[in-house]
$ cat work.cif   # mmCIF, C-alpha atoms
data_start
#
loop_
_atom_site.label_atom_id
_atom_site.label_comp_id
_atom_site.auth_asym_id
_atom_site.auth_seq_id
_atom_site.Cartn_x
_atom_site.Cartn_y
_atom_site.Cartn_z
CA MET A 1 156.25 -35.61 -22.70
CA ILE A 2 158.13 -38.35 -20.90
CA PHE A 3 161.14 -36.07 -20.40
CA HIS A 4 158.98 -33.39 -18.79
CA ARG A 5 157.24 -35.78 -16.41
CA ALA A 6 160.54 -37.35 -15.39
CA LEU A 7 162.08 -33.93 -14.77
CA LEU A 8 159.14 -32.73 -12.69
CA ARG A 9 159.30 -35.87 -10.57
CA GLU A 10 163.04 -35.44 -10.04
CA PHE A 11 162.58 -31.74 -9.27
CA ALA A 12 159.99 -32.50 -6.59
CA GLN A 13 162.03 -35.23 -4.89
CA LEU A 14 165.26 -33.24 -4.91
CA ALA A 15 163.54 -30.02 -3.79
CA ALA A 16 162.08 -31.76 -0.74
CA ALA A 17 165.51 -33.02 0.31
CA VAL A 18 167.26 -29.68 -0.36
CA PHE A 19 164.63 -27.63 1.47
CA LEU A 20 164.64 -29.94 4.48
CA THR A 21 168.43 -29.72 4.69
CA LEU A 22 168.53 -25.93 4.39
CA PHE A 23 165.63 -25.50 6.82
CA LEU A 24 167.24 -27.72 9.46
CA ILE A 25 170.56 -25.88 9.14
CA ALA A 26 168.88 -22.47 9.50
CA ILE A 27 166.66 -23.56 12.39
CA THR A 28 169.49 -25.28 14.26
CA THR A 29 171.76 -22.26 13.92
CA ARG A 30 169.05 -19.92 15.16
CA LEU A 31 168.05 -22.25 17.99
CA VAL A 32 171.63 -22.38 19.29
CA ARG A 33 171.76 -18.58 19.30
CA LEU A 34 168.40 -18.26 21.08
CA LEU A 35 169.37 -20.84 23.68
CA GLY A 36 172.55 -18.88 24.33
CA GLN A 37 170.49 -15.71 24.86
CA ALA A 38 168.13 -17.59 27.16
CA ALA A 39 171.04 -18.99 29.18
CA GLY A 40 172.36 -15.46 29.57
CA GLY A 41 169.00 -14.20 30.80
CA LYS A 42 168.40 -11.94 27.78
CA ILE A 43 165.17 -13.71 26.84
CA PRO A 44 162.95 -16.04 28.91
CA THR A 45 163.24 -19.73 28.16
CA ASP A 46 159.52 -20.09 27.50
CA ALA A 47 159.81 -17.58 24.63
CA VAL A 48 162.56 -19.42 22.73
CA PHE A 49 160.28 -21.46 20.48
CA ALA A 50 158.03 -18.48 19.77
CA PHE A 51 161.01 -16.46 18.54
CA LEU A 52 162.15 -19.52 16.59
CA GLY A 53 158.76 -19.74 14.87
CA PHE A 54 158.86 -16.07 13.85
CA PHE A 55 162.35 -16.57 12.46
CA ALA A 56 161.29 -19.66 10.48
CA LEU A 57 158.41 -17.80 8.80
CA ASN A 58 160.64 -14.86 7.91
CA ALA A 59 163.35 -17.14 6.49
CA LEU A 60 161.01 -19.18 4.27
CA PRO A 61 161.13 -16.93 1.14
CA LEU A 62 164.93 -16.99 0.86
CA LEU A 63 165.07 -20.69 1.73
CA LEU A 64 162.50 -21.53 -0.96
CA SER A 65 164.33 -19.35 -3.48
CA LEU A 66 167.64 -21.07 -2.74
CA THR A 67 165.92 -24.47 -2.84
CA LEU A 68 164.53 -23.71 -6.29
CA PHE A 69 167.91 -22.60 -7.62
CA VAL A 70 169.88 -25.52 -6.16
CA THR A 71 167.28 -28.08 -7.27
CA VAL A 72 167.38 -27.02 -10.93
CA LEU A 73 171.15 -26.59 -10.82
CA LEU A 74 171.82 -30.08 -9.43
CA THR A 75 169.32 -31.70 -11.79
CA VAL A 76 170.93 -30.13 -14.86
CA ALA A 77 174.44 -30.99 -13.61
CA ARG A 78 173.42 -34.61 -12.98
CA SER A 79 171.95 -34.87 -16.48
CA TYR A 80 175.23 -33.72 -18.00
CA ARG A 81 177.29 -35.95 -15.74
CA ASP A 82 175.24 -39.11 -16.40
CA GLY A 83 175.08 -38.52 -20.17
CA GLU A 84 171.31 -37.93 -20.25
CA MET A 85 171.88 -34.62 -22.02
CA VAL A 86 173.29 -36.52 -24.97
CA ILE A 87 170.00 -38.40 -25.29
CA TRP A 88 168.07 -35.14 -24.80
CA PHE A 89 169.93 -33.39 -27.64
CA SER A 90 169.96 -36.47 -29.87
CA SER A 91 166.16 -36.60 -29.74
CA GLY A 92 166.02 -33.16 -31.34
CA LEU A 93 165.47 -31.10 -28.20
CA SER A 94 167.56 -28.04 -27.46
CA LEU A 95 168.62 -26.55 -24.14
CA ALA A 96 165.69 -24.15 -24.43
CA ALA A 97 163.34 -27.12 -24.05
CA TRP A 98 164.26 -27.12 -20.35
CA ILE A 99 162.46 -23.81 -19.89
CA ARG A 100 158.98 -25.34 -19.96
CA PRO A 101 159.48 -27.99 -17.23
CA VAL A 102 161.48 -25.53 -15.12
CA LEU A 103 158.69 -22.94 -15.34
CA THR A 104 156.06 -25.60 -14.59
CA PHE A 105 157.92 -26.51 -11.44
CA ALA A 106 159.03 -23.00 -10.45
CA LEU A 107 155.88 -20.90 -10.92
CA PRO A 108 153.89 -22.45 -8.00
CA LEU A 109 156.89 -21.96 -5.68
CA VAL A 110 157.34 -18.40 -6.93
CA ALA A 111 153.67 -17.73 -6.16
CA VAL A 112 154.19 -19.06 -2.61
CA ILE A 113 157.29 -16.87 -2.22
CA ALA A 114 155.35 -13.81 -3.41
CA LEU A 115 152.56 -14.56 -0.91
CA LEU A 116 155.07 -14.96 1.92
CA VAL A 117 156.96 -11.77 1.11
CA SER A 118 153.95 -9.53 0.51
CA VAL A 119 151.44 -10.85 3.09
CA ILE A 120 152.81 -13.38 5.59
CA ASN A 121 156.17 -11.80 6.39
CA PRO A 122 154.82 -8.31 7.27
CA TRP A 123 152.26 -9.95 9.56
CA THR A 124 155.01 -12.12 11.11
CA VAL A 125 157.24 -9.10 11.74
CA ARG A 126 154.32 -7.20 13.29
CA MET A 127 153.36 -10.11 15.55
CA GLY A 128 157.02 -10.70 16.46
CA GLU A 129 157.49 -7.07 17.52
CA GLN A 130 154.33 -7.19 19.64
CA PHE A 131 155.42 -10.44 21.25
CA ARG A 132 158.88 -9.03 22.02
CA SER A 133 157.22 -5.96 23.53
CA ARG A 134 155.10 -8.16 25.80
CA VAL A 135 158.16 -10.18 26.81
CA GLU A 136 160.14 -7.04 27.65
CA ALA A 137 157.19 -5.68 29.66
CA ARG A 138 157.12 -8.69 31.97
CA ASP A 139 158.05 -7.91 35.56
CA ASP A 140 161.17 -9.31 37.24
CA ALA A 141 159.27 -12.13 38.96
CA ALA A 142 157.96 -13.45 35.65
CA ARG A 143 161.49 -13.50 34.21
CA ILE A 144 162.95 -15.75 36.89
CA ASP A 145 163.76 -19.32 35.84
CA PRO A 146 164.94 -22.01 38.27
CA GLY A 147 168.65 -22.64 38.03
CA VAL A 148 169.42 -19.43 36.09
CA PHE A 149 170.88 -16.15 37.35
CA VAL A 150 168.61 -13.34 36.14
CA GLU A 151 169.37 -9.62 36.23
CA SER A 152 166.52 -7.24 37.04
CA ARG A 153 165.27 -4.74 34.48
CA GLY A 154 166.90 -1.89 36.39
CA ARG A 155 170.20 -3.82 36.54
CA ASP A 156 170.38 -3.28 40.30
CA ARG A 157 169.47 -6.80 41.38
CA VAL A 158 170.43 -10.36 40.53
CA PHE A 159 168.03 -13.23 41.27
CA PHE A 160 168.59 -16.95 41.54
CA VAL A 161 166.22 -19.71 42.61
CA GLU A 162 167.31 -23.31 42.87
CA ALA A 163 164.03 -25.05 42.09
CA ALA A 164 160.29 -24.55 41.80
CA GLY A 165 158.14 -25.34 44.82
CA ASP A 166 155.19 -27.66 45.16
CA ALA A 167 152.56 -24.90 44.96
CA PRO A 168 152.07 -22.59 41.94
CA GLY A 169 154.25 -19.48 42.21
CA GLU A 170 156.41 -21.00 44.95
CA VAL A 171 160.19 -21.44 44.72
CA ARG A 172 162.84 -22.91 47.00
CA ASN A 173 166.29 -21.68 48.02
CA VAL A 174 166.20 -18.07 46.85
CA PHE A 175 169.25 -15.82 46.40
CA VAL A 176 168.98 -12.06 45.75
CA SER A 177 171.90 -9.67 45.40
CA ALA A 178 171.16 -5.92 45.35
CA VAL A 179 172.95 -2.60 45.78
CA GLN A 180 171.07 0.25 47.47
CA HIS A 181 172.52 3.58 48.60
CA GLY A 182 176.07 2.32 48.07
CA ARG A 183 175.58 -0.70 50.33
CA SER A 184 175.59 -4.25 49.05
CA GLY A 185 172.81 -6.49 50.26
CA ILE A 186 172.32 -10.21 49.88
CA LEU A 187 169.09 -12.01 50.68
CA VAL A 188 168.85 -15.77 51.07
CA SER A 189 165.77 -17.70 52.06
CA ARG A 190 164.52 -21.25 52.07
CA ARG A 191 161.27 -20.42 50.35
CA GLY A 192 159.71 -17.70 48.24
CA LEU A 193 156.26 -17.06 46.84
CA LEU A 194 154.19 -14.48 44.99
CA GLU A 195 151.25 -12.65 46.53
CA SER A 196 148.77 -10.16 45.08
CA ALA A 197 147.19 -7.27 47.01
CA PRO A 198 143.52 -6.29 46.57
CA ASN A 199 144.58 -3.23 44.52
CA GLY A 200 146.41 -5.46 42.04
CA ASP A 201 149.95 -4.87 43.28
CA ARG A 202 152.16 -7.94 43.29
CA PHE A 203 154.70 -8.79 46.00
CA VAL A 204 157.49 -11.33 46.21
CA VAL A 205 157.58 -12.75 49.71
CA LEU A 206 160.67 -14.48 51.13
CA VAL A 207 160.16 -16.81 54.09
CA ASP A 208 162.72 -17.97 56.68
CA GLY A 209 165.83 -16.20 55.47
CA ARG A 210 168.71 -13.87 56.19
CA ARG A 211 169.84 -10.49 54.91
CA TYR A 212 173.52 -9.54 54.75
CA GLU A 213 174.16 -5.82 54.27
CA GLY A 214 177.34 -3.74 54.17
CA VAL A 215 179.93 -1.89 52.13
CA PRO A 216 182.34 -4.04 50.09
CA GLY A 217 185.85 -3.93 51.58
CA GLU A 218 184.67 -2.92 55.04
CA ALA A 219 183.95 -5.08 58.10
CA ASP A 220 180.71 -3.47 59.28
CA PHE A 221 178.38 -5.98 57.72
CA ARG A 222 175.00 -6.49 59.35
CA ILE A 223 173.22 -9.83 59.47
CA MET A 224 169.46 -9.89 59.97
CA GLU A 225 167.21 -12.90 60.16
CA PHE A 226 163.58 -12.69 59.16
CA GLU A 227 160.53 -14.91 59.03
CA ARG A 228 158.83 -12.94 56.25
CA TYR A 229 160.23 -10.31 53.89
CA ALA A 230 158.00 -8.72 51.24
CA ALA A 231 159.06 -6.54 48.31
CA ARG A 232 156.73 -4.86 45.82
CA ILE A 233 157.23 -5.80 42.18
CA GLU A 234 157.38 -2.80 39.88
CA ARG A 235 155.39 -3.21 36.70
CA PRO A 236 157.23 -1.72 33.74
CA ALA A 237 155.25 0.39 31.33
CA ARG A 238 154.45 -1.35 28.10
CA ASP A 239 154.90 0.67 24.92
CA GLU A 240 153.36 -0.43 21.67
CA PRO A 241 156.09 -1.13 19.12
CA ALA A 242 156.40 1.47 16.38
CA SER A 243 155.50 0.38 12.88
CA THR A 244 158.41 -0.13 10.52
CA GLU A 245 158.51 -0.59 6.78
CA LYS A 246 158.98 -4.35 7.26
CA SER A 247 155.84 -4.64 9.37
CA LEU A 248 153.61 -2.57 7.09
CA SER A 249 151.32 -4.36 4.67
CA THR A 250 151.96 -3.95 0.96
CA PRO A 251 148.86 -1.73 0.43
CA ALA A 252 150.09 0.48 3.31
CA LEU A 253 153.48 0.84 1.61
CA LEU A 254 151.76 1.90 -1.62
CA GLN A 255 149.60 4.44 0.21
CA SER A 256 152.65 6.03 1.84
CA PRO A 257 155.36 6.07 -0.86
CA THR A 258 158.27 7.39 1.21
CA SER A 259 161.82 6.49 0.24
CA VAL A 260 162.06 3.84 2.97
CA ASN A 261 158.73 2.29 2.00
CA LEU A 262 159.66 2.27 -1.70
CA GLY A 263 162.91 0.53 -0.81
CA GLU A 264 160.91 -2.17 0.99
CA LEU A 265 158.67 -2.50 -2.10
CA VAL A 266 161.76 -3.03 -4.25
CA TRP A 267 162.70 -5.95 -2.01
CA ARG A 268 159.21 -7.49 -1.93
CA ILE A 269 158.92 -7.34 -5.70
CA GLY A 270 162.48 -8.50 -6.24
CA VAL A 271 162.47 -11.69 -4.11
CA PRO A 272 159.89 -13.69 -6.15
CA LEU A 273 161.14 -12.24 -9.43
CA SER A 274 164.74 -13.19 -8.62
CA ALA A 275 163.62 -16.69 -7.60
CA LEU A 276 162.10 -17.17 -11.06
CA LEU A 277 165.12 -15.78 -12.91
CA LEU A 278 167.54 -17.83 -10.83
CA ALA A 279 165.61 -21.02 -11.61
CA LEU A 280 166.02 -20.30 -15.33
CA LEU A 281 169.63 -19.16 -14.86
CA ALA A 282 170.45 -22.52 -13.27
CA VAL A 283 169.86 -24.27 -16.61
CA PRO A 284 172.88 -22.80 -18.49
CA LEU A 285 174.93 -22.56 -15.28
CA GLY A 286 174.43 -26.27 -14.63
CA PHE A 287 176.62 -27.26 -17.59
CA VAL A 288 179.16 -29.89 -16.55
CA ASN A 289 181.83 -31.46 -18.72
CA PRO A 290 181.74 -35.18 -17.81
CA ARG A 291 185.47 -35.45 -18.62
CA ALA A 292 186.42 -32.59 -16.29
CA GLY A 293 185.68 -31.59 -12.74
CA ARG A 294 182.29 -30.12 -11.94
CA SER A 295 183.23 -28.08 -8.89
CA VAL A 296 184.20 -24.92 -10.78
CA ASN A 297 180.81 -24.53 -12.48
CA LEU A 298 178.87 -25.18 -9.28
CA LEU A 299 180.98 -22.69 -7.33
CA PHE A 300 180.46 -20.12 -10.06
CA ALA A 301 176.69 -20.75 -9.92
CA LEU A 302 176.57 -20.25 -6.14
CA LEU A 303 178.68 -17.10 -6.51
CA ALA A 304 176.18 -15.79 -9.07
CA TYR A 305 173.38 -16.42 -6.55
CA LEU A 306 175.17 -14.46 -3.82
CA VAL A 307 176.05 -11.59 -6.14
CA TYR A 308 172.44 -11.36 -7.34
CA TYR A 309 170.98 -11.06 -3.85
CA ASN A 310 173.71 -8.69 -2.67
CA LEU A 311 173.02 -6.41 -5.62
CA GLN A 312 169.33 -6.44 -4.69
CA SER A 313 170.23 -5.39 -1.16
CA VAL A 314 172.42 -2.57 -2.48
CA VAL A 315 169.68 -1.29 -4.77
CA GLN A 316 167.11 -1.50 -1.96
CA ALA A 317 169.41 0.52 0.31
CA ARG A 318 169.95 3.20 -2.33
CA VAL A 319 166.21 3.52 -3.00
CA SER A 320 165.54 3.72 0.76
CA GLN A 321 168.12 6.50 1.04
CA GLY A 322 166.58 8.40 -1.88
CA ARG A 323 169.72 8.03 -4.01
CA LEU A 324 168.02 5.93 -6.70
CA ASP A 325 164.61 6.35 -8.24
CA PHE A 326 162.10 3.59 -7.55
CA SER A 327 161.20 3.24 -11.24
CA VAL A 328 164.85 2.35 -11.94
CA GLY A 329 165.64 0.33 -8.82
CA VAL A 330 162.68 -2.00 -9.23
CA TRP A 331 164.00 -3.47 -12.50
CA VAL A 332 167.66 -2.59 -13.01
CA VAL A 333 169.24 -5.66 -11.35
CA HIS A 334 166.67 -8.07 -12.79
CA GLY A 335 167.08 -6.53 -16.24
CA VAL A 336 170.83 -7.14 -16.13
CA VAL A 337 170.29 -10.73 -15.00
CA LEU A 338 167.73 -11.27 -17.78
CA VAL A 339 170.27 -10.09 -20.37
CA VAL A 340 172.90 -12.42 -18.87
CA LEU A 341 170.37 -15.26 -18.89
CA VAL A 342 169.60 -14.81 -22.60
CA ALA A 343 173.31 -14.50 -23.42
CA LEU A 344 174.18 -17.71 -21.55
CA PHE A 345 171.38 -19.65 -23.24
CA ALA A 346 172.56 -18.40 -26.64
CA GLN A 347 176.18 -19.29 -25.88
CA ARG A 348 175.36 -22.81 -24.63
CA MET A 349 173.07 -23.54 -27.58
CA THR A 350 175.67 -22.27 -30.07
CA LEU A 351 178.39 -24.45 -28.53
CA LEU A 352 176.09 -27.47 -28.60
CA ARG A 353 175.22 -26.97 -32.26
CA LEU A 354 178.91 -26.70 -33.16
CA ARG A 355 179.68 -29.82 -31.13
CA LEU A 356 176.89 -31.83 -32.77
CA ARG A 357 178.04 -30.77 -36.26
CA SER A 358 181.59 -31.85 -35.52
#
$ encode --input "work.cif" --output "structure tokens"
Amino acid sequence: MIFHRALLREFAQLAAAVFLTLFLIAITTRLVRLLGQAAGGKIPTDAVFAFLGFFALNALPLLLSLTLFVTVLLTVARSYRDGEMVIWFSSGLSLAAWIRPVLTFALPLVAVIALLVSVINPWTVRMGEQFRSRVEARDDAARIDPGVFVESRGRDRVFFVEAAGDAPGEVRNVFVSAVQHGRSGILVSRRGLLESAPNGDRFVVLVDGRRYEGVPGEADFRIMEFERYAARIERPARDEPASTEKSLSTPALLQSPTSVNLGELVWRIGVPLSALLLALLAVPLGFVNPRAGRSVNLLFALLAYLVYYNLQSVVQARVSQGRLDFSVGVWVVHGVVLVVLVALFAQRMTLLRLRLRS
């Protein structure tokens, strides 16, 4: 039908704009936070975009679900506001006729959401944990960035280099502050470089510098000049990250049905199912009276979205804690929403029939 094709085209165009807006907001917010952590030395700067990529993949299911809901909601509201609904109803179509085009548009996105939640996201969490483990296992020399004060893993030293040198692994104007045996020591040198011993040990070598050593508050500081000062770099032990319910594959969750794993299954099943129900719920919630303001209905619709997902989180937590049976938690919230959905459709269609008769 012409109506269906026009709706699908409008859905696709609006969904692209809504998703791009939501994605940019989420990515920008996360990027600002990661850059702040990198500036504070909590994560290396070269790992920022890797962490950002893991975050983007994990955020896709909720972003797509919200995109689907907002797209249908805005399309229905615009149809009411521009008077297109009058034409729709005058041609003999009811509000229930929206279900077919909405399902045609929503089902492919719901399938993508289900794939992301059940397959891609566990893999992303697993890879993200392994990457974070590798980052945390890097030695102090690998964590130094020019122009940034960096604290050592043992929190007993602070490093600063002004700029990178001409050769690989070489830096210029090095500052090191350390406390050993109650005495404060400061090392400054014009040049620093990394060297590796035949047995694999790595050393940071400072060239042409000075060492200031003493007790804070006392005057017995010692000043030593050196041509070459070498310090061995300790390699931290790398532990493999422990598997969590979020990093386990869906078959692994089914094979080990603990309370925590069942709670994760409730979430993985609920995200695509809620995306589908919300897309249908947006049809009756999108009602707008052209003679009145439309803000109240849209705010109520967004509130319904937040309440739905918060209830899912509550049910997931209760199943994970063993306080609610999985066979109840997997459907209870969606069952309530389905009843509300049918009731809203019936109410809207009844009001429309009464209005048309009058």
$ resolve_selection --input "work.cif" --expression "the PyMOL selection byres ((chain A and resi 121) around 10)" --output "list of chain:residue names"
A:Phe54, A:Phe55, A:Leu57, A:Asn58, A:Ala59, A:Leu60, A:Pro61, A:Leu115, A:Leu116, A:Val117, A:Ser118, A:Val119, A:Ile120, A:Pro122, A:Trp123, A:Thr124, A:Val125, A:Arg126, A:Met127, A:Lys246, A:Ser247, A:Leu248, A:Ser249, A:Arg268
$ closest_residue --input "work.cif" --among "A:Leu302, A:Met85, A:Ala77, A:Val330" --to "Gly270 of chain A" --atoms "all atoms listed in the file"
A:Val330
$ resolve_selection --input "work.cif" --expression "the PyMOL selection byres ((chain A and resi 315) around 10)" --output "VMD selection string"
chain A and resid 263 266 to 267 309 to 314 316 to 321 323 to 326 328 to 333
$ write_last_selection --input "work.cif" --atoms "C-alpha atoms" --output "mmCIF file, keeping the file's coordinate frame"
data_model
loop_
_atom_site.group_PDB
_atom_site.id
_atom_site.type_symbol
_atom_site.label_atom_id
_atom_site.label_comp_id
_atom_site.auth_asym_id
_atom_site.auth_seq_id
_atom_site.Cartn_x
_atom_site.Cartn_y
_atom_site.Cartn_z
ATOM 1 C CA GLY A 263 162.910 0.530 -0.810
ATOM 2 C CA VAL A 266 161.760 -3.030 -4.250
ATOM 3 C CA TRP A 267 162.700 -5.950 -2.010
ATOM 4 C CA TYR A 309 170.980 -11.060 -3.850
ATOM 5 C CA ASN A 310 173.710 -8.690 -2.670
ATOM 6 C CA LEU A 311 173.020 -6.410 -5.620
ATOM 7 C CA GLN A 312 169.330 -6.440 -4.690
ATOM 8 C CA SER A 313 170.230 -5.390 -1.160
ATOM 9 C CA VAL A 314 172.420 -2.570 -2.480
ATOM 10 C CA GLN A 316 167.110 -1.500 -1.960
ATOM 11 C CA ALA A 317 169.410 0.520 0.310
ATOM 12 C CA ARG A 318 169.950 3.200 -2.330
ATOM 13 C CA VAL A 319 166.210 3.520 -3.000
ATOM 14 C CA SER A 320 165.540 3.720 0.760
ATOM 15 C CA GLN A 321 168.120 6.500 1.040
ATOM 16 C CA ARG A 323 169.720 8.030 -4.010
ATOM 17 C CA LEU A 324 168.020 5.930 -6.700
ATOM 18 C CA ASP A 325 164.610 6.350 -8.240
ATOM 19 C CA PHE A 326 162.100 3.590 -7.550
ATOM 20 C CA VAL A 328 164.850 2.350 -11.940
ATOM 21 C CA GLY A 329 165.640 0.330 -8.820
ATOM 22 C CA VAL A 330 162.680 -2.000 -9.230
ATOM 23 C CA TRP A 331 164.000 -3.470 -12.500
ATOM 24 C CA VAL A 332 167.660 -2.590 -13.010
ATOM 25 C CA VAL A 333 169.240 -5.660 -11.350
#
$ closest_residue --input "work.cif" --among "A:Leu194, A:Leu7, A:Ile25, A:Val76" --to "Leu298 of chain A" --atoms "all atoms listed in the file"
A:Val76
$ closest_residue --input "work.cif" --among "A:Phe3, A:Phe89, A:Phe69, A:Phe131" --to "Leu277 of chain A" --atoms "all atoms listed in the file"
A:Phe69
$ residues_around --input "work.cif" --residues "Arg100 of chain A" --least-positions-apart "2" --cutoff "12 Å" --atoms "all atoms listed in the file" --output "tab-separated table (two decimals) with C-alpha atoms, in the coordinates of the input"
chain	number	residue	atom	x	y	z
A	1	MET	CA	156.25	-35.61	-22.70
A	3	PHE	CA	161.14	-36.07	-20.40
A	4	HIS	CA	158.98	-33.39	-18.79
A	5	ARG	CA	157.24	-35.78	-16.41
A	7	LEU	CA	162.08	-33.93	-14.77
A	8	LEU	CA	159.14	-32.73	-12.69
A	93	LEU	CA	165.47	-31.10	-28.20
A	94	SER	CA	167.56	-28.04	-27.46
A	95	LEU	CA	168.62	-26.55	-24.14
A	96	ALA	CA	165.69	-24.15	-24.43
A	97	ALA	CA	163.34	-27.12	-24.05
A	98	TRP	CA	164.26	-27.12	-20.35
A	102	VAL	CA	161.48	-25.53	-15.12
A	103	LEU	CA	158.69	-22.94	-15.34
A	104	THR	CA	156.06	-25.60	-14.59
A	105	PHE	CA	157.92	-26.51	-11.44
A	106	ALA	CA	159.03	-23.00	-10.45
A	107	LEU	CA	155.88	-20.90	-10.92
A	279	ALA	CA	165.61	-21.02	-11.61
A	280	LEU	CA	166.02	-20.30	-15.33
A	283	VAL	CA	169.86	-24.27	-16.61
$ atom_distance --input "work.cif" --atom1 "atom CA of Val336 of chain A" --atom2 "atom CA of Thr67 of chain A"
22.4 Å
$ resolve_selection --input "work.cif" --expression "the PyMOL selection byres ((chain A and resi 75) around 9)" --output "MDAnalysis selection string"
chainID A and resid 7 10:11 14 70:74 76:80 283 286
